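Student: First the structure, then my questions, so here it is.
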Amino acid sequence: MPDNIVLIGFMGSGKTTVGKILAANLGWSFLDTDAMIEEDTGLSIKAIFAHYGEQYFRELEQAAVARAAASRRAVIATGGGAVLSGDNVRRLREGNKVVWLQVRLETALQRAGVKGDRPLLQGRRREEVAGLFKRREPYYAFADIYIDTDGKDAAAVAGEIKEALKSWLASLK
Ligand SMILES: Nc1ncnc2c1ncn2[C@@H]1O[C@H](COP(=O)(O)OP(=O)(O)O)[C@@H](O)[C@H]1O
Ligand SMILES: O=C(O)C1=C[C@@H](OP(=O)(O)O)[C@@H](O)[C@H](O)C1
Ligand SMILES: [Mg+2]
């Protein structure tokens, strides 16, 4: 079994930040599909969206997901839209534990809205982002475990994931 821990959830739910902490904590490697894409192309996610569009980004993301899912005992942070693809979902589920980092829209916007590096949040009215948030919700529901991240710092969220997966982790040893 590949036995990876896969983090899914909306932009700003903390996948990248929590994933790094959890991986360090477990002594596992950490993969972030956005970082893989940026390394492969030498371009930022923002530049890929701006110059080539979302569709091309999704193709690069599909390749990154396939590569990440082929690893073993890694913590994998996905991009918030990776689960829109059925192929990605199939690969991410197979032999892994999938964790949905849940977040309120307001919190997600506070965490992710300011940096300007998320093309799907930039220059969008609040109602548009609220619509996207609502449309995305059902795509995360297939996760094995749900963790609410509101009001918790990233280290606490990582600790909660470890606790929720305690017996599974013990069974690996
Ligand atoms: N639980 C948390 N509490 C407070 N801030 C957080 C938390 N998780 C992440 N952050 C902050 O929110 C921002 C977005 O987090 P990030 O890990 O990039 O989210 P994602 O990868 O899900 O889009 C970062 O600035 C990060 O430091
Ligand atoms: O939700 C999305 O469609 C996206 C989420 C981003 O990743 P994070 O969820 O890590 O911010 C990144 O992949 C891209 O900007 C698109
Ligand atoms: Mg991220």
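Identifiers for the structure tokens are assigned positionally: chains receive A, B, ... in sequence, residues are indexed from 1 per chain, and ligands are indexed from 1 in the order shown.
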Output the neighbourhood of ligand 3 as JSON, numbers by chain, that is, all protein and nucleic acid residues with some atom at most 8 Å from the ligand, counting only C-alpha atoms and all ligand atoms.
Tutor: {"A": [11, 12, 14, 15, 16, 17, 32, 34, 77, 78, 79, 80]}
Student: Let's have the selection written as an mmCIF file, in the first residue's frame, with C-alpha atoms.
Tutor:
```
data_model
loop_
_atom_site.group_PDB
_atom_site.id
_atom_site.type_symbol
_atom_site.label_atom_id
_atom_site.label_comp_id
_atom_site.auth_asym_id
_atom_site.auth_seq_id
_atom_site.Cartn_x
_atom_site.Cartn_y
_atom_site.Cartn_z
ATOM 1 C CA MET A 11 -7.798 27.560 -0.536
ATOM 2 C CA GLY A 12 -6.626 28.824 2.847
ATOM 3 C CA GLY A 14 -4.009 25.210 5.555
ATOM 4 C CA LYS A 15 -3.057 22.180 3.417
ATOM 5 C CA THR A 16 0.442 23.438 2.583
ATOM 6 C CA THR A 17 1.255 24.732 6.079
ATOM 7 C CA ASP A 32 2.773 19.818 -2.480
ATOM 8 C CA ASP A 34 1.467 23.297 -6.519
ATOM 9 C CA ALA A 77 -0.865 18.677 0.053
ATOM 10 C CA THR A 78 -3.096 19.134 -2.982
ATOM 11 C CA GLY A 79 -4.332 22.366 -4.526
ATOM 12 C CA GLY A 80 -7.921 23.222 -3.598
#
```
Student: Produce as a PyMOL selection string the set of residues near ligand 2, where near means within 10 Å with only C-alpha atoms and all ligand atoms considered.
Tutor: chain A and resi 7-17+32-35+37+44-46+48-49+54+57-58+61+77-84+108+111-113+116-122+132-133+136
Student: Considering only C-alpha atoms, return as a list in words whatever protein or nucleic-acid residues lie within 8 Å of stretch 141-146 of chain A, sequence-local ones (same chain, fewer than 6 positions apart) excluded.
Tutor: Ile8, Lys97, Val98, Val99, Trp100, Leu101, Gln102 and Ala164 of chain A
Student: Can those selected residues be exported to a file as a PDB file, in the first residue's frame so that it contains C-alpha atoms?
Tutor:
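Listing of part_9.pdb after writing:
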```
ATOM      1  CA  ILE A   8      -7.697  18.293   0.582  1.00  0.00           C
ATOM      2  CA  LYS A  97      -5.876   8.290   3.940  1.00  0.00           C
ATOM      3  CA  VAL A  98      -7.589  11.443   2.735  1.00  0.00           C
ATOM      4  CA  VAL A  99      -8.119  14.296   5.190  1.00  0.00           C
ATOM      5  CA  TRP A 100     -10.478  17.228   4.505  1.00  0.00           C
ATOM      6  CA  LEU A 101      -9.282  20.388   6.216  1.00  0.00           C
ATOM      7  CA  GLN A 102     -12.508  22.279   6.765  1.00  0.00           C
ATOM      8  CA  ALA A 164      -7.382  10.840  14.272  1.00  0.00           C
TER       9      ALA A 164
END
```
Student: Can you pull out the residues contacting A:Ile5? Cut-off 10 Å, using only C-alpha atoms, and skip same-chain residues under 3 positions away; I want them as number ranges by chain.
Tutor: A: 2, 8, 19, 22-23, 28, 30, 69, 72-77, 92-93, 95-99, 161, 165
Student: Can you list, as a list in words, every residue of stretch 19-84 of chain A that DSSP puts in strand (DSSP E)?
Tutor: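 Answer for stretch 19-84 of chain A, restricted to strand (DSSP E): Ser29, Phe30, Leu31, Asp32, Ala74, Val75, Ile76 and Ala77 of chain A.
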Student: Mind dumping the selected residues with C-alpha atoms as a compact mmCIF listing (two decimals), in the first residue's frame?
Tutor:
```txt
# COMPACT_ATOMS: atom_id res chain seq x y z
CA SER A 29 8.45 13.33 3.12
CA PHE A 30 6.24 16.23 2.10
CA LEU A 31 4.87 16.88 -1.37
CA ASP A 32 2.77 19.82 -2.48
CA ALA A 74 4.38 10.92 2.18
CA VAL A 75 2.15 13.75 3.28
CA ILE A 76 0.64 15.18 0.10
CA ALA A 77 -0.87 18.68 0.05
```
